[in-house]
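Peer 1: This is start35.txt, which holds compact mmCIF, C-alpha atoms and all ligand atoms:
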# COMPACT_ATOMS: atom_id res chain seq x y z
CA HIS H 120 -38.65 21.81 37.76
CA ASP H 121 -35.60 20.93 35.67
CA LEU H 122 -32.36 22.47 36.90
CA ARG H 123 -30.87 25.15 34.66
CA ASN H 124 -27.50 26.83 34.97
CA GLU H 125 -29.15 30.27 34.73
CA ASP H 126 -31.02 29.59 37.97
CA LEU H 127 -27.85 28.84 39.94
CA LYS H 128 -25.89 31.60 41.64
CA ASP H 129 -22.27 30.86 42.53
CA LEU H 130 -21.52 31.41 46.22
CA ARG H 131 -18.00 30.02 46.61
CA GLU H 132 -15.69 27.21 45.57
CA LEU H 133 -15.86 24.04 47.67
CA GLY H 134 -12.95 22.22 46.11
CA GLN H 135 -11.04 21.06 43.09
CA GLY H 136 -10.62 17.50 41.94
CA ASN H 137 -8.95 15.78 39.03
CA GLY H 138 -12.04 15.85 36.85
CA GLY H 139 -13.27 19.35 37.61
CA SER H 140 -14.39 21.64 40.38
CA VAL H 141 -17.20 21.81 42.93
CA LYS H 142 -19.00 25.06 43.76
CA LEU H 143 -21.46 26.04 46.44
CA VAL H 144 -24.46 27.53 44.64
CA GLU H 145 -27.93 28.82 45.42
CA HIS H 146 -30.87 27.67 43.34
CA LEU H 147 -32.56 31.08 43.07
CA PRO H 148 -36.16 29.96 42.35
CA THR H 149 -36.29 27.83 45.52
CA GLY H 150 -33.47 29.23 47.67
CA THR H 151 -31.97 25.75 47.96
CA ILE H 152 -28.23 25.66 48.64
CA MET H 153 -26.48 23.00 46.55
CA ALA H 154 -23.07 21.71 45.60
CA LYS H 155 -22.55 21.92 41.82
CA LYS H 156 -19.91 19.61 40.46
CA ILE H 157 -18.60 20.66 37.04
CA VAL H 158 -17.08 17.81 35.06
CA LEU H 159 -15.31 18.54 31.81
CA ILE H 160 -16.14 15.74 29.42
CA ASP H 161 -14.34 15.36 26.17
CA ALA H 162 -17.01 13.34 24.42
CA LYS H 163 -19.53 13.49 21.61
CA PRO H 164 -22.95 15.07 22.30
CA SER H 165 -24.55 11.61 22.06
CA VAL H 166 -22.23 10.28 24.76
CA ARG H 167 -22.95 13.31 26.92
CA LYS H 168 -26.67 12.68 26.61
CA GLN H 169 -26.15 9.04 27.49
CA ILE H 170 -24.24 10.06 30.63
CA LEU H 171 -27.06 12.39 31.59
CA ARG H 172 -29.57 9.57 31.19
CA GLU H 173 -27.47 7.24 33.31
CA LEU H 174 -27.11 9.84 36.04
CA GLN H 175 -30.90 9.92 36.49
CA ILE H 176 -30.69 6.72 38.58
CA MET H 177 -29.38 8.97 41.33
CA HIS H 178 -32.89 10.43 41.66
CA ASP H 179 -33.90 7.04 43.08
CA CYS H 180 -31.10 6.84 45.64
CA HIS H 181 -32.53 7.66 49.03
CA SER H 182 -30.45 6.83 52.06
CA ASP H 183 -29.17 8.68 55.11
CA TYR H 184 -25.69 7.59 54.04
CA ILE H 185 -25.82 8.79 50.43
CA ILE H 186 -25.60 12.40 49.22
CA SER H 187 -28.96 13.53 47.81
CA PHE H 188 -29.14 14.30 44.12
CA TYR H 189 -30.92 17.39 42.79
CA GLY H 190 -30.30 16.92 39.09
CA ALA H 191 -27.75 17.13 36.29
CA PHE H 192 -27.53 19.04 33.05
CA ILE H 193 -25.18 19.71 30.16
CA SER H 194 -23.51 23.09 30.05
CA ASP H 195 -21.16 22.77 27.09
CA PRO H 196 -18.48 21.44 27.32
CA ASN H 197 -19.26 20.38 30.89
CA ILE H 198 -21.69 18.16 32.68
CA CYS H 199 -22.99 19.71 35.90
CA ILE H 200 -24.13 17.48 38.73
CA CYS H 201 -26.09 19.18 41.50
CA MET H 202 -26.18 17.53 44.89
CA GLU H 203 -26.68 18.13 48.57
CA ALA H 204 -24.00 20.42 50.00
CA MET H 205 -22.25 19.18 53.13
CA ASP H 206 -21.08 22.15 55.17
CA LYS H 207 -18.18 20.44 56.95
CA GLY H 208 -16.70 19.16 53.69
CA SER H 209 -14.87 15.94 53.01
CA LEU H 210 -12.97 13.88 55.57
CA ASP H 211 -9.62 14.47 53.88
CA SER H 212 -9.97 18.21 54.33
CA ILE H 213 -11.11 17.67 57.94
CA TYR H 214 -8.12 15.57 58.98
CA LYS H 215 -5.72 17.86 57.14
CA LYS H 216 -7.17 20.66 59.24
CA ILE H 217 -7.48 19.01 62.68
CA GLY H 218 -5.06 16.09 62.45
CA ALA H 219 -5.67 12.38 63.03
CA ILE H 220 -9.33 11.60 63.68
CA ASP H 221 -10.43 9.95 66.90
CA ILE H 222 -10.92 6.21 66.43
CA ASP H 223 -14.51 6.37 67.76
CA VAL H 224 -15.35 8.86 65.02
CA VAL H 225 -13.55 6.65 62.51
CA GLY H 226 -15.83 3.83 63.69
CA LYS H 227 -18.87 5.94 62.82
CA VAL H 228 -17.32 6.64 59.41
CA ALA H 229 -16.84 2.92 58.82
CA LEU H 230 -20.45 2.24 59.80
CA ALA H 231 -21.82 4.99 57.54
CA VAL H 232 -19.76 3.92 54.52
CA LEU H 233 -20.76 0.25 54.96
CA GLU H 234 -24.43 1.26 55.24
CA GLY H 235 -24.12 3.42 52.13
CA LEU H 236 -22.35 0.73 50.12
CA THR H 237 -24.85 -1.91 51.23
CA TYR H 238 -27.76 0.32 50.21
CA LEU H 239 -26.25 1.10 46.80
CA TYR H 240 -25.53 -2.54 46.08
CA ASP H 241 -28.59 -4.23 47.54
CA VAL H 242 -31.15 -1.78 46.20
CA HIS H 243 -29.55 -0.57 42.97
CA ARG H 244 -26.75 -3.05 42.20
CA ILE H 245 -24.37 -0.08 42.14
CA ILE H 246 -20.70 -0.49 43.07
CA HIS H 247 -19.17 2.74 44.32
CA ARG H 248 -15.67 2.39 42.72
CA ASP H 249 -14.16 5.50 44.29
CA ILE H 250 -14.22 5.22 48.08
CA LYS H 251 -11.63 7.58 49.59
CA PRO H 252 -11.67 10.32 52.23
CA SER H 253 -12.48 13.06 49.69
CA ASN H 254 -15.67 11.21 48.75
CA ILE H 255 -16.89 10.84 52.34
CA LEU H 256 -18.63 14.03 53.43
CA PHE H 257 -19.62 15.39 56.80
CA ASN H 258 -22.05 18.08 57.97
CA SER H 259 -22.73 20.07 61.13
CA ARG H 260 -25.72 17.85 61.93
CA GLY H 261 -23.20 15.07 62.46
CA GLN H 262 -24.18 13.13 59.35
CA ILE H 263 -21.67 11.14 57.29
CA LYS H 264 -22.52 10.44 53.64
CA ILE H 265 -20.75 9.11 50.56
CA CYS H 266 -20.73 10.78 47.15
CA ASP H 267 -19.29 10.33 43.64
CA PHE H 268 -20.30 6.72 43.10
CA GLY H 269 -20.10 5.10 39.69
CA VAL H 270 -23.67 5.23 38.39
CA SER H 271 -22.75 6.02 34.83
CA GLY H 272 -20.65 3.57 32.87
CA GLU H 273 -20.18 6.18 30.14
CA LEU H 274 -19.02 8.75 32.68
CA ILE H 275 -16.54 6.28 34.16
CA ASN H 276 -15.16 5.59 30.67
CA SER H 277 -14.93 9.27 29.78
CA ILE H 278 -13.13 10.28 32.95
CA ALA H 279 -10.94 7.17 33.12
CA ASP H 280 -9.00 8.15 30.03
CA THR H 281 -7.86 11.45 31.47
CA PHE H 282 -7.27 10.25 35.00
CA VAL H 283 -3.81 9.85 36.54
CA GLY H 284 -3.17 10.50 40.16
CA THR H 285 -5.70 8.88 42.42
CA SER H 286 -5.43 5.18 41.80
CA THR H 287 -3.95 4.87 45.24
CA TYR H 288 -7.01 3.48 46.99
CA MET H 289 -7.28 0.76 44.36
CA SER H 290 -7.36 -2.86 45.50
CA PRO H 291 -4.64 -5.33 44.43
CA GLU H 292 -7.05 -7.28 42.24
CA ARG H 293 -8.15 -4.10 40.42
CA ILE H 294 -4.55 -3.08 39.82
CA GLN H 295 -4.03 -6.48 38.25
CA GLY H 296 -7.00 -5.94 35.96
CA ALA H 297 -9.73 -7.99 37.61
CA GLN H 298 -13.40 -7.04 37.55
CA TYR H 299 -14.65 -4.47 39.99
CA THR H 300 -16.76 -5.92 42.77
CA VAL H 301 -18.18 -4.57 46.04
CA LYS H 302 -15.14 -6.10 47.70
CA SER H 303 -12.86 -3.65 45.90
CA ASP H 304 -14.77 -0.88 47.68
CA VAL H 305 -14.10 -2.65 50.99
CA TRP H 306 -10.34 -2.50 50.33
CA SER H 307 -10.59 1.23 49.58
CA LEU H 308 -12.53 1.69 52.81
CA GLY H 309 -9.77 -0.05 54.78
CA ILE H 310 -7.09 2.25 53.33
CA SER H 311 -9.27 5.30 53.97
CA LEU H 312 -9.89 4.35 57.61
CA ILE H 313 -6.17 3.97 58.32
CA GLU H 314 -5.55 7.34 56.68
CA LEU H 315 -8.14 9.02 58.91
CA ALA H 316 -6.96 7.31 62.10
CA LEU H 317 -3.27 8.05 61.48
CA GLY H 318 -3.78 11.43 59.86
CA ARG H 319 -1.69 10.48 56.86
CA PHE H 320 -1.83 8.30 53.77
CA PRO H 321 -0.76 4.82 54.94
CA PHE H 322 1.57 3.77 52.14
CA ALA H 323 4.12 6.58 52.26
CA GLU H 324 6.21 5.55 55.26
CA SER H 325 6.18 1.77 55.13
CA SER H 326 7.90 1.58 51.77
CA SER H 327 10.61 4.20 52.14
CA ASP H 328 13.36 1.60 52.22
CA ASP H 329 12.36 -0.80 49.47
CA SER H 330 12.00 1.35 46.41
CA ASP H 331 12.86 -1.18 43.75
CA LEU H 332 11.28 0.82 40.98
CA SER H 333 11.72 4.52 40.71
CA ASP H 334 10.68 5.50 37.26
CA PHE H 335 8.20 4.44 34.64
CA GLU H 336 7.29 6.10 31.38
CA GLY H 337 4.12 4.23 30.66
CA THR H 338 0.63 5.62 30.98
CA LEU H 339 -1.79 4.19 33.46
CA SER H 340 -5.48 3.89 32.98
CA PRO H 341 -7.85 2.43 35.54
CA SER H 342 -10.00 0.89 32.83
CA ARG H 343 -7.03 -0.95 31.37
CA PRO H 344 -4.56 -1.49 34.18
CA ASN H 345 -1.01 -2.40 33.34
CA PRO H 346 0.07 -5.95 34.11
CA LEU H 347 2.34 -4.64 36.83
CA ASN H 348 3.39 -7.89 38.28
CA THR H 349 4.84 -9.09 34.99
CA LEU H 350 7.88 -6.82 35.03
CA THR H 351 11.01 -8.93 35.01
CA ARG H 352 13.80 -8.53 37.51
CA GLU H 353 16.06 -7.13 34.75
CA GLN H 354 13.48 -4.51 33.88
CA ARG H 355 13.23 -3.51 37.50
CA ASP H 356 16.99 -3.32 37.94
CA LYS H 357 17.29 -1.19 34.85
CA LYS H 358 14.69 1.21 36.13
CA LYS H 359 16.34 1.27 39.53
CA LYS H 360 19.43 2.78 37.97
CA ARG H 361 17.56 5.68 36.43
CA LYS H 362 16.99 8.85 38.31
CA SER H 363 13.63 9.13 40.03
CA LYS H 364 11.14 11.65 38.76
CA GLY H 365 8.32 10.00 40.63
CA VAL H 366 4.99 11.54 41.40
CA SER H 367 5.08 13.02 44.85
CA LEU H 368 2.67 11.45 47.30
CA GLN H 369 1.91 13.07 50.60
CA GLY H 370 3.44 11.96 53.87
CA GLY H 371 6.83 11.43 55.43
CA GLY H 372 8.62 13.61 52.91
CA MET H 373 9.20 10.69 50.58
CA THR H 374 8.22 10.30 47.00
CA MET H 375 6.94 7.21 45.24
CA SER H 376 5.97 7.06 41.64
CA ILE H 377 2.47 5.87 40.89
CA LEU H 378 3.79 2.64 39.46
CA GLU H 379 5.95 2.09 42.49
CA LEU H 380 2.94 2.52 44.70
CA LEU H 381 0.78 0.19 42.63
CA GLN H 382 3.55 -2.43 42.67
CA HIS H 383 3.79 -2.03 46.40
CA ILE H 384 0.04 -2.58 46.86
CA VAL H 385 0.20 -5.76 44.78
CA ASN H 386 3.41 -7.24 46.17
CA GLU H 387 3.76 -6.16 49.79
CA PRO H 388 1.70 -6.99 52.87
CA ALA H 389 -1.32 -4.71 53.32
CA PRO H 390 -0.98 -1.75 55.70
CA ARG H 391 -2.41 -2.08 59.20
CA LEU H 392 -3.63 0.13 62.01
CA THR H 393 -0.34 0.62 63.84
CA PRO H 394 1.44 0.88 66.18
CA GLU H 395 0.08 -2.25 67.79
CA GLY H 396 -1.95 -1.48 70.88
CA ARG H 397 -2.66 2.15 70.05
CA PHE H 398 -6.12 1.34 68.72
CA PRO H 399 -8.81 -1.04 69.98
CA LYS H 400 -8.25 -4.69 68.97
CA GLU H 401 -11.65 -4.75 67.27
CA ALA H 402 -10.71 -1.78 65.09
CA GLU H 403 -7.39 -3.41 64.14
CA ASP H 404 -9.21 -6.60 63.26
CA PHE H 405 -11.82 -4.78 61.18
CA VAL H 406 -9.20 -2.98 59.13
CA ASP H 407 -7.29 -6.25 58.66
CA SER H 408 -10.39 -7.90 57.26
CA CYS H 409 -10.99 -4.99 54.84
CA LEU H 410 -7.40 -5.34 53.64
CA LEU H 411 -7.24 -9.06 52.93
CA LYS H 412 -5.39 -9.14 49.63
CA ASP H 413 -7.36 -12.09 48.31
CA PRO H 414 -10.80 -10.72 47.28
CA ASP H 415 -12.35 -14.15 47.81
CA ALA H 416 -11.36 -14.05 51.46
CA ARG H 417 -12.49 -10.43 51.90
CA LYS H 418 -16.06 -9.90 53.12
CA THR H 419 -18.79 -7.81 51.50
CA PRO H 420 -20.00 -4.53 53.03
CA LYS H 421 -23.17 -6.27 54.16
CA ASP H 422 -21.26 -9.00 56.01
CA LEU H 423 -18.92 -6.45 57.57
CA LEU H 424 -21.89 -4.63 59.10
CA LYS H 425 -21.97 -7.58 61.53
CA HIS H 426 -18.36 -7.10 62.62
CA PRO H 427 -18.02 -6.49 66.41
CA TRP H 428 -16.30 -3.11 65.90
CA ILE H 429 -19.15 -1.94 63.66
CA GLU H 430 -21.83 -3.21 66.06
CA HIS H 431 -19.95 -1.43 68.80
CA SER H 432 -19.74 1.76 66.69
CA ARG H 433 -23.47 1.59 66.02
CA THR H 434 -24.30 1.79 69.72
CA ALA H 435 -21.43 4.13 70.67
CA THR H 436 -22.87 7.31 72.14
CA ILE H 437 -20.28 9.67 70.66
CA ASP H 438 -22.03 12.87 69.65
CA LEU H 439 -20.92 13.80 66.12
CA GLU H 440 -22.86 17.04 66.15
CA THR H 441 -20.82 18.26 69.11
CA TRP H 442 -17.62 16.96 67.49
CA ALA H 443 -18.50 18.89 64.31
CA SER H 444 -18.80 22.10 66.30
CA THR H 445 -15.16 21.86 67.36
CA PHE H 446 -13.74 22.77 63.92
P1 LIG H 501 -10.89 13.27 42.68
O1 LIG H 501 -11.10 14.24 41.57
O2 LIG H 501 -9.56 12.63 42.65
O3 LIG H 501 -12.00 12.27 42.78
P2 LIG H 501 -12.03 14.79 44.84
O4 LIG H 501 -13.05 13.81 45.30
O5 LIG H 501 -11.38 15.63 45.92
O6 LIG H 501 -10.86 14.10 44.06
P3 LIG H 501 -14.12 16.28 43.58
O7 LIG H 501 -15.07 15.15 43.66
O8 LIG H 501 -14.14 17.11 42.35
O9 LIG H 501 -12.63 15.76 43.75
O10 LIG H 501 -14.37 17.21 44.84
C1 LIG H 501 -13.53 18.28 45.15
C2 LIG H 501 -13.74 18.69 46.60
O11 LIG H 501 -14.99 19.34 46.75
C3 LIG H 501 -13.80 17.51 47.57
O12 LIG H 501 -12.52 17.18 48.03
C4 LIG H 501 -14.69 18.02 48.69
O13 LIG H 501 -13.89 18.61 49.69
C5 LIG H 501 -15.57 19.06 48.01
N1 LIG H 501 -16.93 18.55 47.80
C6 LIG H 501 -17.33 17.69 46.84
N2 LIG H 501 -18.65 17.45 46.91
C7 LIG H 501 -19.12 18.18 47.95
C8 LIG H 501 -20.43 18.36 48.56
N3 LIG H 501 -21.50 17.72 48.09
N4 LIG H 501 -20.51 19.17 49.64
C9 LIG H 501 -19.42 19.79 50.12
N5 LIG H 501 -18.18 19.67 49.61
C10 LIG H 501 -18.02 18.88 48.53
MG MG H 502 -15.05 13.48 44.84
Now that the file is in, can you turn its structure into structure tokens?
Peer 2:
Amino acid sequence: HDLRNEDLKDLRELGQGNGGSVKLVEHLPTGTIMAKKIVLIDAKPSVRKQILRELQIMHDCHSDYIISFYGAFISDPNICICMEAMDKGSLDSIYKKIGAIDIDVVGKVALAVLEGLTYLYDVHRIIHRDIKPSNILFNSRGQIKICDFGVSGELINSIADTFVGTSTYMSPERIQGAQYTVKSDVWSLGISLIELALGRFPFAESSSDDSDLSDFEGTLSPSRPNPLNTLTREQRDKKKKRKSKGVSLQGGGMTMSILELLQHIVNEPAPRLTPEGRFPKEAEDFVDSCLLKDPDARKTPKDLLKHPWIEHSRTATIDLETWASTF
């Protein structure tokens, strides 16, 4: 029962990402509805085959908090990854549609992501590497699941070289070139939760008045991060004088170049759930502990499952199925 492209009928497009597109398809022999992610990979056939082999681990991932995997195949020059389709889409598209998400729902998101990350790491030693609202999916049954985790080292390498714009959920230690650990995922979760609760990406506003770097001609790669914190004051002043042609990031009508943003993440205090008092103290405290800049001080997903806000979210009676029916 290997998946073949000929057996899949396109229904509609679900979304576009940096690496490719995702389509809703029907598997004609079984009538199963799936999401087919098409990833353009500029790599040798041997590398493609290696990626396909590595992706097979996903067949063994079974959790209520992880998107189910149906199979993957090569369809030159692409790799197609077929997975469970989530009919309410990703949380970024949801908040862009309905506005800031209720903090009780955000609590359920935090719980689901921590459960998913703990499962991936404890059972398979997999680190997600790409936690962000577009990789947290929701369906009309009220389920929250994570997708697009880094199972294939070869796939990560192949995509990394072409990647530009989405390093924004990256932890300070990753930006500075340190090894990826589960704690880097925890940072990305903290940023994502603020984004959902505020209804906007958290970095845009806070840094509108301290743009000390407005332009950079280098190329950034997540596999080989630039030593950002080694720029000298003179270099920064020089760049300050040049006209900004920074990458536009959403929110507040301001623009920040990618380098500016990465510098900000490394050098400035982490964002918080603000304004003070708008959200429950426990939620504020949880986000603060996700966003400890020192990875040694930051907890693992498993430890954070014991946080009071998460325990509270676990028993909260909010009905996500009913919530899903409102949009
Ligand atoms: P990036 O390329 O920066 O990682 P992304 O996560 O948005 O961004 P894709 O992973 O290609 O890019 O996904 C594109 C969009 O398709 C997502 O934003 C999401 O809305 C939708 N999508 C992805 N997977 C599914 C799925 N299994 N079910 C329903 N919608 C999905
Ligand atoms: Mg994605």
Peer 1: Under the rule that all atoms listed in the file are counted, which of H:Asn254, H:Thr419, H:Gln135, H:Ser408 is the nearest residue to ligand MG 502 (chain H)?
Peer 2: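 The closest residue to ligand MG 502 (chain H) is H:Asn254.
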Peer 1: Counting all atoms listed in the file, which of H:Gln175, H:Ser253, H:Thr149, H:Asn197 gets nearest to ligand MG 502 (chain H)?
Peer 2: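 The shortest atom-to-atom distance to ligand MG 502 (chain H) comes from H:Ser253.
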Peer 1: Please identify every residue of segment 232-273 of chain H that has at least one atom no farther than 9 Å from an atom of segment 203-207 of chain H, counting only C-alpha atoms, and for each give the shortest atom pair and the distance in Å to one decimal, arranged by chain then increasing number, as JSON lines.
Peer 2:
{"residue": "H:Leu256", "atom": "CA", "partner": "H:Met205", "partner_atom": "CA", "distance": 6.3}
{"residue": "H:Phe257", "atom": "CA", "partner": "H:Lys207", "partner_atom": "CA", "distance": 5.3}
{"residue": "H:Asn258", "atom": "CA", "partner": "H:Lys207", "partner_atom": "CA", "distance": 4.6}
{"residue": "H:Ser259", "atom": "CA", "partner": "H:Lys207", "partner_atom": "CA", "distance": 6.2}
{"residue": "H:Gln262", "atom": "CA", "partner": "H:Met205", "partner_atom": "CA", "distance": 8.9}
{"residue": "H:Lys264", "atom": "CA", "partner": "H:Met205", "partner_atom": "CA", "distance": 8.8}
Peer 1: Chain H near ligand LIG 501 (chain H) within 10 Å: what's each residue's closest atom pair and its distance in Å to one decimal, counting all atoms listed in the file, ordered by chain then ascending residue number, as JSON lines?
Peer 2:
{"residue": "H:Glu132", "atom": "CA", "partner": "H:LIG501", "partner_atom": "O11", "distance": 8.0}
{"residue": "H:Leu133", "atom": "CA", "partner": "H:LIG501", "partner_atom": "O11", "distance": 4.9}
{"residue": "H:Gly134", "atom": "CA", "partner": "H:LIG501", "partner_atom": "O11", "distance": 3.6}
{"residue": "H:Gln135", "atom": "CA", "partner": "H:LIG501", "partner_atom": "C1", "distance": 4.3}
{"residue": "H:Gly136", "atom": "CA", "partner": "H:LIG501", "partner_atom": "O9", "distance": 3.2}
{"residue": "H:Asn137", "atom": "CA", "partner": "H:LIG501", "partner_atom": "O1", "distance": 3.7}
{"residue": "H:Gly138", "atom": "CA", "partner": "H:LIG501", "partner_atom": "O1", "distance": 5.1}
{"residue": "H:Gly139", "atom": "CA", "partner": "H:LIG501", "partner_atom": "O8", "distance": 5.3}
{"residue": "H:Ser140", "atom": "CA", "partner": "H:LIG501", "partner_atom": "O8", "distance": 4.9}
{"residue": "H:Val141", "atom": "CA", "partner": "H:LIG501", "partner_atom": "O11", "distance": 5.1}
{"residue": "H:Lys142", "atom": "CA", "partner": "H:LIG501", "partner_atom": "O11", "distance": 7.6}
{"residue": "H:Leu143", "atom": "CA", "partner": "H:LIG501", "partner_atom": "C9", "distance": 7.5}
{"residue": "H:Met153", "atom": "CA", "partner": "H:LIG501", "partner_atom": "N3", "distance": 7.4}
{"residue": "H:Ala154", "atom": "CA", "partner": "H:LIG501", "partner_atom": "N3", "distance": 5.0}
{"residue": "H:Lys155", "atom": "CA", "partner": "H:LIG501", "partner_atom": "N3", "distance": 7.6}
{"residue": "H:Lys156", "atom": "CA", "partner": "H:LIG501", "partner_atom": "O8", "distance": 6.6}
{"residue": "H:Ile157", "atom": "CA", "partner": "H:LIG501", "partner_atom": "O8", "distance": 7.8}
{"residue": "H:Val158", "atom": "CA", "partner": "H:LIG501", "partner_atom": "O8", "distance": 7.9}
{"residue": "H:Ile186", "atom": "CA", "partner": "H:LIG501", "partner_atom": "N3", "distance": 6.8}
{"residue": "H:Ser187", "atom": "CA", "partner": "H:LIG501", "partner_atom": "N3", "distance": 8.6}
{"residue": "H:Phe188", "atom": "CA", "partner": "H:LIG501", "partner_atom": "N3", "distance": 9.3}
{"residue": "H:Ile200", "atom": "CA", "partner": "H:LIG501", "partner_atom": "N3", "distance": 9.7}
{"residue": "H:Cys201", "atom": "CA", "partner": "H:LIG501", "partner_atom": "N3", "distance": 8.2}
{"residue": "H:Met202", "atom": "CA", "partner": "H:LIG501", "partner_atom": "N3", "distance": 5.7}
{"residue": "H:Glu203", "atom": "CA", "partner": "H:LIG501", "partner_atom": "N3", "distance": 5.2}
{"residue": "H:Ala204", "atom": "CA", "partner": "H:LIG501", "partner_atom": "N4", "distance": 3.7}
{"residue": "H:Met205", "atom": "CA", "partner": "H:LIG501", "partner_atom": "N4", "distance": 3.9}
{"residue": "H:Asp206", "atom": "CA", "partner": "H:LIG501", "partner_atom": "C9", "distance": 5.8}
{"residue": "H:Lys207", "atom": "CA", "partner": "H:LIG501", "partner_atom": "C9", "distance": 7.0}
{"residue": "H:Gly208", "atom": "CA", "partner": "H:LIG501", "partner_atom": "N5", "distance": 4.4}
{"residue": "H:Ser209", "atom": "CA", "partner": "H:LIG501", "partner_atom": "O13", "distance": 4.4}
{"residue": "H:Leu210", "atom": "CA", "partner": "H:LIG501", "partner_atom": "O13", "distance": 7.6}
{"residue": "H:Asp211", "atom": "CA", "partner": "H:LIG501", "partner_atom": "O12", "distance": 7.1}
{"residue": "H:Ser212", "atom": "CA", "partner": "H:LIG501", "partner_atom": "O13", "distance": 6.1}
{"residue": "H:Ile213", "atom": "CA", "partner": "H:LIG501", "partner_atom": "O13", "distance": 8.8}
{"residue": "H:Asp249", "atom": "CA", "partner": "H:LIG501", "partner_atom": "O3", "distance": 7.3}
{"residue": "H:Ile250", "atom": "CA", "partner": "H:LIG501", "partner_atom": "O3", "distance": 9.1}
{"residue": "H:Lys251", "atom": "CA", "partner": "H:LIG501", "partner_atom": "O4", "distance": 7.7}
{"residue": "H:Pro252", "atom": "CA", "partner": "H:LIG501", "partner_atom": "O4", "distance": 7.9}
{"residue": "H:Ser253", "atom": "CA", "partner": "H:LIG501", "partner_atom": "O12", "distance": 4.4}
{"residue": "H:Asn254", "atom": "CA", "partner": "H:LIG501", "partner_atom": "O4", "distance": 5.1}
{"residue": "H:Ile255", "atom": "CA", "partner": "H:LIG501", "partner_atom": "C4", "distance": 8.3}
{"residue": "H:Leu256", "atom": "CA", "partner": "H:LIG501", "partner_atom": "N4", "distance": 6.7}
{"residue": "H:Phe257", "atom": "CA", "partner": "H:LIG501", "partner_atom": "C9", "distance": 8.0}
{"residue": "H:Asn258", "atom": "CA", "partner": "H:LIG501", "partner_atom": "C9", "distance": 8.5}
{"residue": "H:Lys264", "atom": "CA", "partner": "H:LIG501", "partner_atom": "N3", "distance": 9.2}
{"residue": "H:Ile265", "atom": "CA", "partner": "H:LIG501", "partner_atom": "N3", "distance": 9.0}
{"residue": "H:Cys266", "atom": "CA", "partner": "H:LIG501", "partner_atom": "N2", "distance": 7.0}
{"residue": "H:Asp267", "atom": "CA", "partner": "H:LIG501", "partner_atom": "O7", "distance": 6.4}
{"residue": "H:Phe268", "atom": "CA", "partner": "H:LIG501", "partner_atom": "O7", "distance": 9.9}
{"residue": "H:Ile278", "atom": "CA", "partner": "H:LIG501", "partner_atom": "O1", "distance": 9.7}
{"residue": "H:Phe282", "atom": "CA", "partner": "H:LIG501", "partner_atom": "O2", "distance": 8.3}
{"residue": "H:Val283", "atom": "CA", "partner": "H:LIG501", "partner_atom": "O2", "distance": 8.8}
{"residue": "H:Gly284", "atom": "CA", "partner": "H:LIG501", "partner_atom": "O2", "distance": 7.2}
{"residue": "H:Thr285", "atom": "CA", "partner": "H:LIG501", "partner_atom": "O2", "distance": 5.4}
{"residue": "H:Ser286", "atom": "CA", "partner": "H:LIG501", "partner_atom": "O2", "distance": 8.6}
{"residue": "H:Thr287", "atom": "CA", "partner": "H:LIG501", "partner_atom": "O2", "distance": 9.9}
Peer 1: Ranking H:Arg433, H:Lys418, H:Arg319, H:Arg248 by minimum distance to ligand MG 502 (chain H) and counting only C-alpha atoms and all ligand atoms, which one comes first?
Peer 2: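 Once distances to ligand MG 502 (chain H) are computed over only C-alpha atoms and all ligand atoms, the minimum belongs to H:Arg248.
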Peer 1: Just checking: using all atoms listed in the file, which residue out of H:Ile377, H:Ala297, H:Ala443, H:Ala402 ends up closest to Pro414 of chain H?
Peer 2: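 With all atoms listed in the file as the atom set, the closest residue is H:Ala297.
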Peer 1: Using all atoms listed in the file, pick whichever of H:Met289, H:Ile198, H:Ile263, H:Val270 has the shortest atom-to-atom distance to Leu233 of chain H.
Peer 2: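 Of all the options, H:Ile263 lies closest to Leu233 of chain H.
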Peer 1: Kindly compute an axis-aligned box around the listed atoms of segment 169-186 of chain H, allowing 5 Å on each side, and express its centre and edge lengths in Å to one decimal as JSON.
Peer 2:
{"center_x": -29.1, "center_y": 9.6, "center_z": 41.3, "size_x": 19.7, "size_y": 15.7, "size_z": 37.6}
Peer 1: Between atom CA of Leu230 of chain H and atom CA of Ala316 of chain H, what is the spacing in Å?
Peer 2: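 Rounded to one decimal, the two atoms are 14.6 Å apart.
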Peer 1: Report, in Å with one decimal, the straight-line distance from atom CA of Met177 of chain H to atom CA of Gly190 of chain H.
Peer 2: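 Answer for the atom CA of Met177 of chain H to atom CA of Gly190 of chain H separation: 8.3 Å.
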Peer 1: Just checking: using all atoms listed in the file, which residue out of H:Asp161, H:Glu395, H:Asp223, H:Asp422 ends up closest to Thr434 of chain H?
Peer 2: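 Residue with the minimum atom-to-atom distance to Thr434 of chain H: H:Asp223.
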Peer 1: Using all atoms listed in the file, which protein or nucleic acid residues come within 6 Å of segment 214-219 of chain H? Drop anything in the same chain fewer than 4 positions from it, and give the result as a ChimeraX atom specification.
Peer 2: /H:315-318
Peer 1: Please dump the current selection as a short mmCIF file (atom, residue, chain, number, x, y, z; two decimals), in the coordinates of the input; keep C-alpha atoms.
Peer 2:
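Generated output (result_39.cif):
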data_model
loop_
_atom_site.label_atom_id
_atom_site.label_comp_id
_atom_site.auth_asym_id
_atom_site.auth_seq_id
_atom_site.Cartn_x
_atom_site.Cartn_y
_atom_site.Cartn_z
CA LEU H 315 -8.14 9.02 58.91
CA ALA H 316 -6.96 7.31 62.10
CA LEU H 317 -3.27 8.05 61.48
CA GLY H 318 -3.78 11.43 59.86
#
Peer 1: Counting all atoms listed in the file, what is within 10 Å of Trp428 of chain H, bar same-chain residues fewer than 3 positions away, as a list in words?
Peer 2: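 In the requested form, the answer reads Asp223, Gly226, Lys227, Ala229, Leu230, Pro399, Lys400, Glu401, Ala402, Glu403, Asp404, Phe405, Val406, Leu423, Leu424, Lys425, His431, Ser432 and Arg433 of chain H.
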